$ cat data-v2.cif   # mmCIF, C-alpha atoms and all ligand atoms
data_input
loop_
_atom_site.label_atom_id
_atom_site.label_comp_id
_atom_site.auth_asym_id
_atom_site.auth_seq_id
_atom_site.Cartn_x
_atom_site.Cartn_y
_atom_site.Cartn_z
CA MET A 742 -16.22 -18.10 24.24
CA SER A 743 -17.54 -16.23 21.21
CA LYS A 744 -17.59 -17.65 17.72
CA ARG A 745 -14.14 -18.34 16.31
CA LEU A 746 -13.14 -16.02 13.45
CA ARG A 747 -11.42 -17.36 10.33
CA ILE A 748 -8.60 -15.14 9.05
CA GLY A 749 -7.80 -15.72 5.40
CA THR A 750 -4.19 -15.45 4.33
CA ARG A 751 -2.10 -15.85 1.23
CA ASP A 752 1.09 -17.87 1.59
CA SER A 753 3.79 -15.23 1.20
CA GLU A 754 5.88 -14.69 4.32
CA LEU A 755 4.67 -11.08 4.62
CA ALA A 756 0.99 -12.03 4.23
CA LEU A 757 1.38 -14.77 6.85
CA TRP A 758 3.11 -12.43 9.27
CA GLN A 759 0.35 -9.85 8.91
CA ALA A 760 -2.42 -12.42 9.38
CA ARG A 761 -0.69 -13.87 12.47
CA ARG A 762 -0.34 -10.38 13.90
CA VAL A 763 -4.10 -9.82 13.65
CA GLN A 764 -4.71 -13.30 15.05
CA SER A 765 -2.61 -12.62 18.14
CA LEU A 766 -4.17 -9.19 18.70
CA LEU A 767 -7.64 -10.74 18.54
CA GLN A 768 -6.66 -13.55 20.87
CA ALA A 769 -5.18 -11.05 23.32
CA GLY A 770 -8.62 -9.43 23.41
CA GLY A 771 -10.29 -12.78 24.17
CA GLN A 772 -11.50 -13.44 20.62
CA ASP A 773 -10.65 -16.87 19.23
CA ALA A 774 -9.21 -16.73 15.71
CA GLU A 775 -7.66 -19.21 13.27
CA LEU A 776 -5.65 -18.83 10.08
CA MET A 777 -7.10 -20.17 6.83
CA PRO A 778 -4.65 -20.41 3.92
CA VAL A 779 -6.39 -19.27 0.74
CA LYS A 780 -5.09 -20.37 -2.62
CA SER A 781 -5.73 -18.35 -5.70
CA THR A 782 -9.36 -19.25 -6.34
CA GLY A 783 -11.05 -19.96 -9.56
CA ASP A 784 -12.65 -16.55 -9.60
CA LEU A 785 -15.62 -17.97 -11.41
CA ILE A 786 -17.18 -19.52 -8.35
CA LEU A 787 -18.94 -16.30 -7.45
CA ASP A 788 -22.28 -15.81 -9.11
CA LYS A 789 -21.25 -12.51 -10.66
CA PRO A 790 -18.22 -11.46 -12.66
CA LEU A 791 -15.49 -9.88 -10.53
CA TYR A 792 -15.71 -6.50 -12.22
CA GLU A 793 -19.41 -6.27 -11.39
CA LEU A 794 -18.53 -6.66 -7.72
CA GLY A 795 -15.80 -4.05 -8.04
CA ILE A 796 -13.08 -6.59 -7.25
CA THR A 797 -9.93 -5.24 -8.88
CA GLY A 798 -6.81 -5.37 -6.71
CA ILE A 799 -4.32 -7.94 -7.92
CA PHE A 800 -2.95 -8.64 -4.43
CA THR A 801 -6.26 -8.45 -2.60
CA LYS A 802 -8.71 -10.15 -4.91
CA THR A 803 -8.10 -13.75 -3.86
CA LEU A 804 -8.96 -12.98 -0.25
CA ASP A 805 -11.87 -10.71 -1.15
CA VAL A 806 -13.41 -13.53 -3.17
CA ALA A 807 -12.94 -15.97 -0.25
CA LEU A 808 -14.60 -13.43 2.06
CA LEU A 809 -17.64 -13.03 -0.17
CA ARG A 810 -17.87 -16.83 -0.50
CA LYS A 811 -17.89 -17.00 3.33
CA ASP A 812 -14.85 -19.28 3.27
CA ILE A 813 -13.25 -16.82 5.71
CA ASP A 814 -14.53 -14.09 8.05
CA LEU A 815 -11.81 -11.52 7.67
CA ALA A 816 -8.90 -10.64 5.45
CA VAL A 817 -5.76 -8.70 6.30
CA HIS A 818 -4.40 -6.55 3.49
CA SER A 819 -1.33 -4.36 3.13
CA MET A 820 -3.38 -1.20 2.89
CA LYS A 821 -1.39 0.27 0.01
CA ASP A 822 -2.41 -2.71 -2.13
CA VAL A 823 -6.13 -2.13 -1.50
CA PRO A 824 -7.95 -0.33 -4.34
CA THR A 825 -9.50 2.94 -3.20
CA ALA A 826 -13.00 1.58 -3.76
CA LEU A 827 -13.66 -1.61 -1.77
CA PRO A 828 -15.63 -4.42 -3.44
CA LYS A 829 -19.39 -4.44 -2.94
CA GLY A 830 -20.30 -6.20 0.29
CA ILE A 831 -16.85 -5.72 1.88
CA VAL A 832 -16.13 -3.06 4.49
CA GLN A 833 -13.13 -1.74 6.37
CA ALA A 834 -13.23 -3.05 9.95
CA ALA A 835 -9.91 -1.77 11.30
CA VAL A 836 -6.72 0.00 10.33
CA LEU A 837 -3.81 -1.11 12.47
CA LYS A 838 -1.28 1.32 13.89
CA ARG A 839 1.13 2.18 11.14
CA ALA A 840 4.72 0.99 11.07
CA ASN A 841 7.53 2.83 9.25
CA PRO A 842 5.80 4.31 6.17
CA LEU A 843 8.98 5.07 4.20
CA ASP A 844 10.85 3.37 1.39
CA ILE A 845 14.40 2.16 1.84
CA LEU A 846 17.27 1.47 -0.49
CA VAL A 847 19.02 -1.87 -0.10
CA HIS A 848 22.51 -1.63 -1.59
CA LYS A 849 26.04 -2.95 -1.61
CA GLY A 850 27.68 0.46 -1.05
CA LEU A 851 26.68 3.97 -2.13
CA ASP A 852 29.48 4.94 -4.54
CA PHE A 853 27.13 4.35 -7.47
CA LEU A 854 24.99 7.34 -6.47
CA ASN A 855 27.45 9.68 -8.15
CA ALA A 856 27.98 7.42 -11.14
CA GLU A 857 25.88 5.54 -13.68
CA GLY A 858 23.90 3.46 -11.27
CA VAL A 859 21.44 0.66 -11.93
CA VAL A 860 18.54 0.50 -9.49
CA ALA A 861 15.85 -2.18 -9.44
CA THR A 862 12.16 -1.56 -8.78
CA GLY A 863 8.86 -2.56 -10.34
CA SER A 864 7.04 0.48 -9.01
CA LEU A 865 6.26 3.44 -11.30
CA ARG A 866 6.16 5.71 -8.27
CA ARG A 867 9.63 4.69 -7.10
CA LYS A 868 11.07 4.75 -10.61
CA ALA A 869 9.82 8.27 -11.37
CA GLN A 870 11.09 9.72 -8.09
CA TRP A 871 14.44 7.98 -8.41
CA LEU A 872 14.98 9.24 -11.95
CA HIS A 873 13.94 12.74 -10.93
CA ARG A 874 16.77 12.76 -8.40
CA TYR A 875 19.28 10.64 -10.34
CA PRO A 876 18.53 11.33 -14.04
CA LEU A 877 21.65 9.48 -15.24
CA HIS A 878 20.71 6.22 -13.58
CA GLU A 879 19.01 3.24 -15.17
CA ILE A 880 15.97 1.54 -13.63
CA VAL A 881 15.47 -2.19 -14.15
CA ASP A 882 12.16 -3.92 -13.48
CA LEU A 883 11.96 -6.02 -10.31
CA ARG A 884 8.83 -7.95 -9.34
CA GLY A 885 7.69 -10.71 -7.05
CA ASN A 886 7.12 -10.89 -3.33
CA VAL A 887 9.60 -9.32 -0.93
CA ASN A 888 11.66 -12.52 -0.49
CA THR A 889 11.89 -13.07 -4.26
CA ARG A 890 12.99 -9.49 -4.83
CA MET A 891 15.71 -9.71 -2.18
CA GLN A 892 17.01 -12.91 -3.75
CA LYS A 893 17.05 -11.35 -7.23
CA LEU A 894 19.00 -8.37 -5.91
CA ALA A 895 21.60 -10.74 -4.48
CA ASP A 896 21.78 -12.70 -7.76
CA HIS A 897 22.15 -9.76 -10.15
CA GLY A 898 24.74 -7.07 -10.72
CA TRP A 899 22.41 -4.20 -9.87
CA ASP A 900 23.61 -1.51 -7.49
CA ALA A 901 20.50 -1.37 -5.32
CA ALA A 902 16.78 -2.04 -5.03
CA ILE A 903 13.94 -0.14 -3.34
CA PHE A 904 11.59 -1.70 -0.77
CA ALA A 905 8.99 -0.61 1.74
CA ALA A 906 10.70 -0.51 5.14
CA ALA A 907 7.64 -2.03 6.82
CA GLY A 908 7.63 -5.17 4.68
CA LEU A 909 11.28 -5.99 5.39
CA GLU A 910 11.02 -5.14 9.08
CA ARG A 911 7.99 -7.37 9.58
CA ILE A 912 9.65 -10.49 8.27
CA GLY A 913 13.08 -9.71 9.68
CA LEU A 914 14.70 -9.25 6.28
CA LEU A 915 16.26 -5.82 6.88
CA PRO A 916 19.86 -6.25 5.71
CA ASP A 917 23.00 -4.71 7.21
CA GLN A 918 23.29 -2.07 4.53
CA PHE A 919 20.33 0.12 3.73
CA SER A 920 19.40 3.79 3.54
CA THR A 921 16.04 5.26 4.45
CA LEU A 922 14.76 7.38 1.56
CA GLN A 923 13.44 10.34 3.53
CA TRP A 924 12.97 12.34 0.34
CA MET A 925 10.85 9.75 -1.46
CA LEU A 926 7.07 10.02 -1.09
CA PRO A 927 5.72 6.58 -0.16
CA ALA A 928 2.62 4.95 -1.62
CA PRO A 929 -0.62 6.14 -0.05
CA ALA A 930 -1.21 4.01 3.09
CA GLN A 931 2.21 2.33 2.90
CA GLY A 932 3.15 0.68 6.19
CA ALA A 933 -0.48 0.31 7.33
CA MET A 934 -2.59 -2.86 7.42
CA MET A 935 -6.33 -2.90 6.76
CA VAL A 936 -8.66 -5.60 8.04
CA VAL A 937 -11.81 -6.12 5.97
CA VAL A 938 -14.96 -8.11 6.74
CA ARG A 939 -18.34 -8.80 5.14
CA GLU A 940 -20.75 -5.90 5.35
CA GLY A 941 -23.17 -6.46 8.24
CA ASP A 942 -21.02 -9.02 10.08
CA THR A 943 -21.53 -7.30 13.42
CA HIS A 944 -19.66 -9.94 15.39
CA ALA A 945 -16.48 -9.52 13.33
CA LEU A 946 -16.86 -5.72 13.20
CA GLU A 947 -17.15 -5.55 16.95
CA ALA A 948 -14.23 -7.88 17.60
CA LEU A 949 -12.01 -5.82 15.29
CA SER A 950 -13.00 -2.37 16.50
CA GLY A 951 -10.47 -2.66 19.32
CA LEU A 952 -7.66 -3.11 16.81
CA ASN A 953 -8.35 0.15 15.00
CA ASP A 954 -5.85 2.99 15.41
CA PRO A 955 -7.84 6.22 14.84
CA GLU A 956 -4.76 8.29 14.02
CA THR A 957 -3.58 5.86 11.32
CA GLU A 958 -7.16 5.61 10.08
CA ARG A 959 -7.34 9.40 9.62
CA CYS A 960 -3.95 9.72 7.93
CA THR A 961 -4.54 6.86 5.52
CA ALA A 962 -8.05 8.13 4.75
CA VAL A 963 -6.59 11.45 3.61
CA GLU A 964 -3.90 9.73 1.53
CA ARG A 965 -6.38 7.40 -0.14
CA GLU A 966 -8.86 10.20 -0.86
CA PHE A 967 -6.00 12.09 -2.53
CA LEU A 968 -5.16 9.00 -4.60
CA ARG A 969 -8.78 8.32 -5.56
CA GLU A 970 -9.24 11.87 -6.81
CA LEU A 971 -6.10 11.69 -8.96
CA GLU A 972 -5.98 8.19 -10.35
CA GLY A 973 -9.23 7.85 -12.30
CA GLY A 974 -8.65 4.14 -12.76
CA CYS A 975 -5.02 4.24 -13.86
CA THR A 976 -1.82 3.59 -11.96
CA ALA A 977 0.10 6.84 -12.20
CA PRO A 978 3.23 7.58 -10.15
CA ILE A 979 1.57 9.08 -7.08
CA GLY A 980 3.02 9.39 -3.58
CA ALA A 981 1.43 10.67 -0.39
CA LEU A 982 2.12 10.83 3.31
CA ALA A 983 0.01 12.33 6.08
CA VAL A 984 1.36 12.71 9.60
CA GLU A 985 -0.64 13.78 12.64
CA GLU A 986 0.95 16.12 15.17
CA GLN A 987 -0.77 18.02 17.95
CA GLY A 988 -4.24 17.77 16.52
CA ARG A 989 -3.28 18.65 12.96
CA ILE A 990 -2.65 16.51 9.90
CA ARG A 991 0.28 17.56 7.78
CA PHE A 992 0.00 16.19 4.26
CA ARG A 993 2.56 15.93 1.49
CA GLY A 994 1.62 14.50 -1.88
CA GLY A 995 3.09 14.33 -5.36
CA LEU A 996 2.36 13.33 -8.92
CA PHE A 997 5.23 12.49 -11.26
CA SER A 998 5.70 11.92 -14.96
CA LEU A 999 6.79 8.38 -15.85
CA ASP A 1000 10.34 9.46 -16.70
CA GLY A 1001 10.59 11.55 -13.55
CA ALA A 1002 11.24 14.76 -15.49
CA ASP A 1003 8.08 16.50 -14.29
CA LYS A 1004 6.53 16.60 -10.86
CA VAL A 1005 3.91 18.56 -8.97
CA LEU A 1006 3.94 18.56 -5.19
CA VAL A 1007 1.45 19.73 -2.62
CA GLU A 1008 2.00 20.39 1.08
CA LYS A 1009 -0.92 21.40 3.31
CA ASP A 1010 -2.29 20.87 6.75
CA ALA A 1011 -5.74 20.57 8.28
CA LYS A 1012 -7.32 20.01 11.67
CA ALA A 1013 -7.32 16.30 12.47
CA ASP A 1014 -11.02 16.39 13.40
CA ALA A 1015 -12.05 18.03 10.11
CA ILE A 1016 -10.49 15.94 7.34
CA ALA A 1017 -13.55 15.30 5.16
CA GLY A 1018 -12.64 16.50 1.66
CA PHE A 1019 -9.06 17.40 2.63
CA GLY A 1020 -7.42 14.73 0.46
CA ARG A 1021 -9.61 15.76 -2.47
CA GLN A 1022 -8.67 19.40 -1.95
CA CYS A 1023 -4.96 18.49 -2.07
CA ALA A 1024 -5.53 16.53 -5.27
CA ARG A 1025 -7.36 19.49 -6.83
CA GLU A 1026 -4.35 21.69 -6.13
CA ILE A 1027 -2.12 19.21 -7.91
CA LEU A 1028 -4.46 19.07 -10.92
CA ASP A 1029 -4.68 22.86 -11.10
CA SER A 1030 -0.93 23.41 -10.95
CA GLY A 1031 0.15 21.29 -13.91
CA GLY A 1032 -0.87 17.87 -12.63
CA GLY A 1033 -3.72 17.57 -15.12
CA ALA A 1034 -1.26 17.60 -18.02
CA ILE A 1035 1.06 15.07 -16.34
CA LEU A 1036 -1.85 12.74 -15.66
CA ALA A 1037 -3.08 12.95 -19.25
CA ALA A 1038 0.41 12.10 -20.54
CA VAL A 1039 0.73 9.14 -18.11
CA LYS A 1040 -2.65 7.77 -19.16
CA LYS A 1041 -1.76 8.09 -22.81
CA SER A 1042 1.52 6.20 -22.55
CA LEU A 1043 0.15 3.49 -20.24
CA SER A 1044 -2.74 2.79 -22.62
CA ARG A 1045 -0.42 2.21 -25.55
N1 LIG B 1101 3.27 -4.07 -3.34
C1 LIG B 1101 3.87 -5.04 -2.49
C2 LIG B 1101 3.84 -4.64 -1.06
N2 LIG B 1101 2.70 -4.40 -0.42
C3 LIG B 1101 2.99 -4.03 0.86
C4 LIG B 1101 4.35 -4.05 1.01
C5 LIG B 1101 5.10 -3.71 2.24
C6 LIG B 1101 4.28 -3.48 3.48
C7 LIG B 1101 3.54 -2.18 3.52
O1 LIG B 1101 3.86 -1.23 2.81
O2 LIG B 1101 2.61 -2.09 4.34
C8 LIG B 1101 4.92 -4.45 -0.19
C9 LIG B 1101 6.33 -4.64 -0.49
C10 LIG B 1101 7.09 -3.42 -0.96
O3 LIG B 1101 6.48 -2.45 -1.48
O4 LIG B 1101 8.33 -3.40 -0.88
#

$ encode --input "data-v2.cif" --output "C-alpha cells"
Amino acid sequence: MSKRLRIGTRDSELALWQARRVQSLLQAGGQDAELMPVKSTGDLILDKPLYELGITGIFTKTLDVALLRKDIDLAVHSMKDVPTALPKGIVQAAVLKRANPLDILVHKGLDFLNAEGVVATGSLRRKAQWLHRYPLHEIVDLRGNVNTRMQKLADHGWDAAIFAAAGLERIGLLPDQFSTLQWMLPAPAQGAMMVVVREGDTHALEALSGLNDPETERCTAVEREFLRELEGGCTAPIGALAVEEQGRIRFRGGLFSLDGADKVLVEKDAKADAIAGFGRQCAREILDSGGGAILAAVKKSLSR
C-alpha cells in the first residue's frame, strides 16, 4: 500500500462533501486517503507574509496555508473560488468532471418576476445580471455558506435567492421550487472542483492524475484565462461558460456594470486541441467593444 494522503477540508457541509468525494475516488483507485479538518490558521505561522506567497483567495487560503506547512497533502477547492494565479509552491493536480455549471433561483412562487421583486445574493455577477433583466427589482445582500444562505432565505420576506446548482445538488439541499437560470452566465469554473498539491509532490500528482477530466480541464482553463485577462486584481461582475462539443469549445463570456445597465458579451468557438490564448482573445474582444470603459467604472466605484 502506498503512502496515505491527507486531504485537508474546511468544516462547511459543501467542503466536507467535496473532500469526501475526492477521498472515495482515490480509494477506488487503490490510494489510501484520510480527511484532515483544517481550522482557520493563524496565517502568521508561515515564514513569509501571505501576499508574498501570492495567497489571496478568501475561501481557499486556509487550506493553501496548511498545504504549504505540510499539515496536509492535498486540498479540494470549489474551482470558482480559486484565484486565477495559484500561490507559489502550489500546483493544480486534477480538475474533476464538472457538475451542473448553472445558477438557479430558489423561490416561493414566480409571481414577483413581473412585480417589484426582492432577490437576495451577495455576488456582484449575479446582481448585475439580475438587474439587467429585471431593472425594477431590488437586490439584498446575502452571504455565508450555502446552508446559512438557505436558512436566511427561509427566515426573511425576500422573494428569492440565487445559488450555484452544483453546491445545492452536492449536499442534497435542492428545494422543491427552483428555476434554472439558463440566461445567466455562471462564474468562471462554477460547478468544477480543483485538487491542488505541493509543487514537486510526485506521489500525490500521480495518484490524482487519474481523477482529472481533460474536457473540464480545457473548458475551465479557457474560462479562467478570460477572467485573468479581464480582472486585473479586482472583482468585477464577470461571467463565462465554455462547453465542448465534437472537438470544439464554444465559449460565452460577459462583463457587466455594477448596476446591470451596461454589458458586453462575447461568443466564440475554437478547436478543443488549440485553446492556448483563446480565453485571452475573448477577453480582448470584450475590452475592445466597450468593456474597457465598464471595467474602469467598476474599479473606480469598488475602490471608493
Ligand atoms: N462562493 C461560494 C461557492 N463556491 C462554490 C459554490 C458552489 C459549488 C460550485 O460552484 O462548484 C458556492 C456556492 C454558491 O455560489 O452558491

$ residues_around --input "data-v2.cif" --residues "Ser753 (chain A)" --least-positions-apart "4" --cutoff "9 Å" --atoms "only C-alpha atoms" --output "PyMOL selection string"
chain A and resi 757-758+886-888

$ residues_near_ligand --input "data-v2.cif" --ligand "ligand LIG 1101 (chain B)" --cutoff "10 Å" --atoms "all atoms listed in the file" --output "MDAnalysis selection string"
chainID A and resid 755:756 759 799:800 818:823 839:845 862:864 867 884:888 890:891 902:911 927:935

$ residues_around --input "data-v2.cif" --residues "region 802-817 of chain A" --least-positions-apart "6" --cutoff "8 Å" --atoms "only C-alpha atoms" --output "list in words"
Leu746, Arg747, Ile748, Gly749, Thr750, Arg751, Ala756, Gln759, Ala760, Val763, Met777, Val779, Lys780, Ser781, Thr782, Asp784, Leu787, Ile796, Pro828, Gly830, Ile831, Met934, Met935, Val936, Val937, Val938, Arg939 and Ala945 of chain A

$ closest_residue --input "data-v2.cif" --among "A:Arg762, A:Asp752, A:Val881, A:Ala835" --to "Glu947 (chain A)" --atoms "only C-alpha atoms"
A:Ala835

$ residues_near_point --input "data-v2.cif" --point "(-10.3, -14.4, 17.7)" --cutoff "10 Å" --atoms "only C-alpha atoms" --output "PDB file with C-alpha atoms, keeping the file's coordinate frame"
ATOM      1  CA  MET A 742     -16.220 -18.100  24.240  1.00  0.00           C
ATOM      2  CA  SER A 743     -17.540 -16.230  21.210  1.00  0.00           C
ATOM      3  CA  LYS A 744     -17.590 -17.650  17.720  1.00  0.00           C
ATOM      4  CA  ARG A 745     -14.140 -18.340  16.310  1.00  0.00           C
ATOM      5  CA  LEU A 746     -13.140 -16.020  13.450  1.00  0.00           C
ATOM      6  CA  ARG A 747     -11.420 -17.360  10.330  1.00  0.00           C
ATOM      7  CA  ILE A 748      -8.600 -15.140   9.050  1.00  0.00           C
ATOM      8  CA  VAL A 763      -4.100  -9.820  13.650  1.00  0.00           C
ATOM      9  CA  GLN A 764      -4.710 -13.300  15.050  1.00  0.00           C
ATOM     10  CA  SER A 765      -2.610 -12.620  18.140  1.00  0.00           C
ATOM     11  CA  LEU A 766      -4.170  -9.190  18.700  1.00  0.00           C
ATOM     12  CA  LEU A 767      -7.640 -10.740  18.540  1.00  0.00           C
ATOM     13  CA  GLN A 768      -6.660 -13.550  20.870  1.00  0.00           C
ATOM     14  CA  ALA A 769      -5.180 -11.050  23.320  1.00  0.00           C
ATOM     15  CA  GLY A 770      -8.620  -9.430  23.410  1.00  0.00           C
ATOM     16  CA  GLY A 771     -10.290 -12.780  24.170  1.00  0.00           C
ATOM     17  CA  GLN A 772     -11.500 -13.440  20.620  1.00  0.00           C
ATOM     18  CA  ASP A 773     -10.650 -16.870  19.230  1.00  0.00           C
ATOM     19  CA  ALA A 774      -9.210 -16.730  15.710  1.00  0.00           C
ATOM     20  CA  GLU A 775      -7.660 -19.210  13.270  1.00  0.00           C
ATOM     21  CA  LEU A 776      -5.650 -18.830  10.080  1.00  0.00           C
ATOM     22  CA  ALA A 945     -16.480  -9.520  13.330  1.00  0.00           C
ATOM     23  CA  ALA A 948     -14.230  -7.880  17.600  1.00  0.00           C
ATOM     24  CA  LEU A 949     -12.010  -5.820  15.290  1.00  0.00           C
TER      25      LEU A 949
END

$ atom_distance --input "data-v2.cif" --atom1 "CA of His878 (chain A)" --atom2 "CA of Leu968 (chain A)"
27.5 Å

$ atom_distance --input "data-v2.cif" --atom1 "CA of Ala1017 (chain A)" --atom2 "CA of Asp942 (chain A)"
25.9 Å

$ axis_aligned_box --input "data-v2.cif" --around "region 963-979 of chain A" --padding-each-side "3 Å" --output "JSON"
{"center_x": -3.0, "center_y": 7.8, "center_z": -5.1, "size_x": 18.5, "size_y": 14.5, "size_z": 23.5}

$ residues_around --input "data-v2.cif" --residues "Glu1008 (chain A)" --least-positions-apart "5" --cutoff "10 Å" --atoms "all atoms listed in the file" --output "number ranges by chain"
A: 981-983, 991-995, 1023, 1026-1027
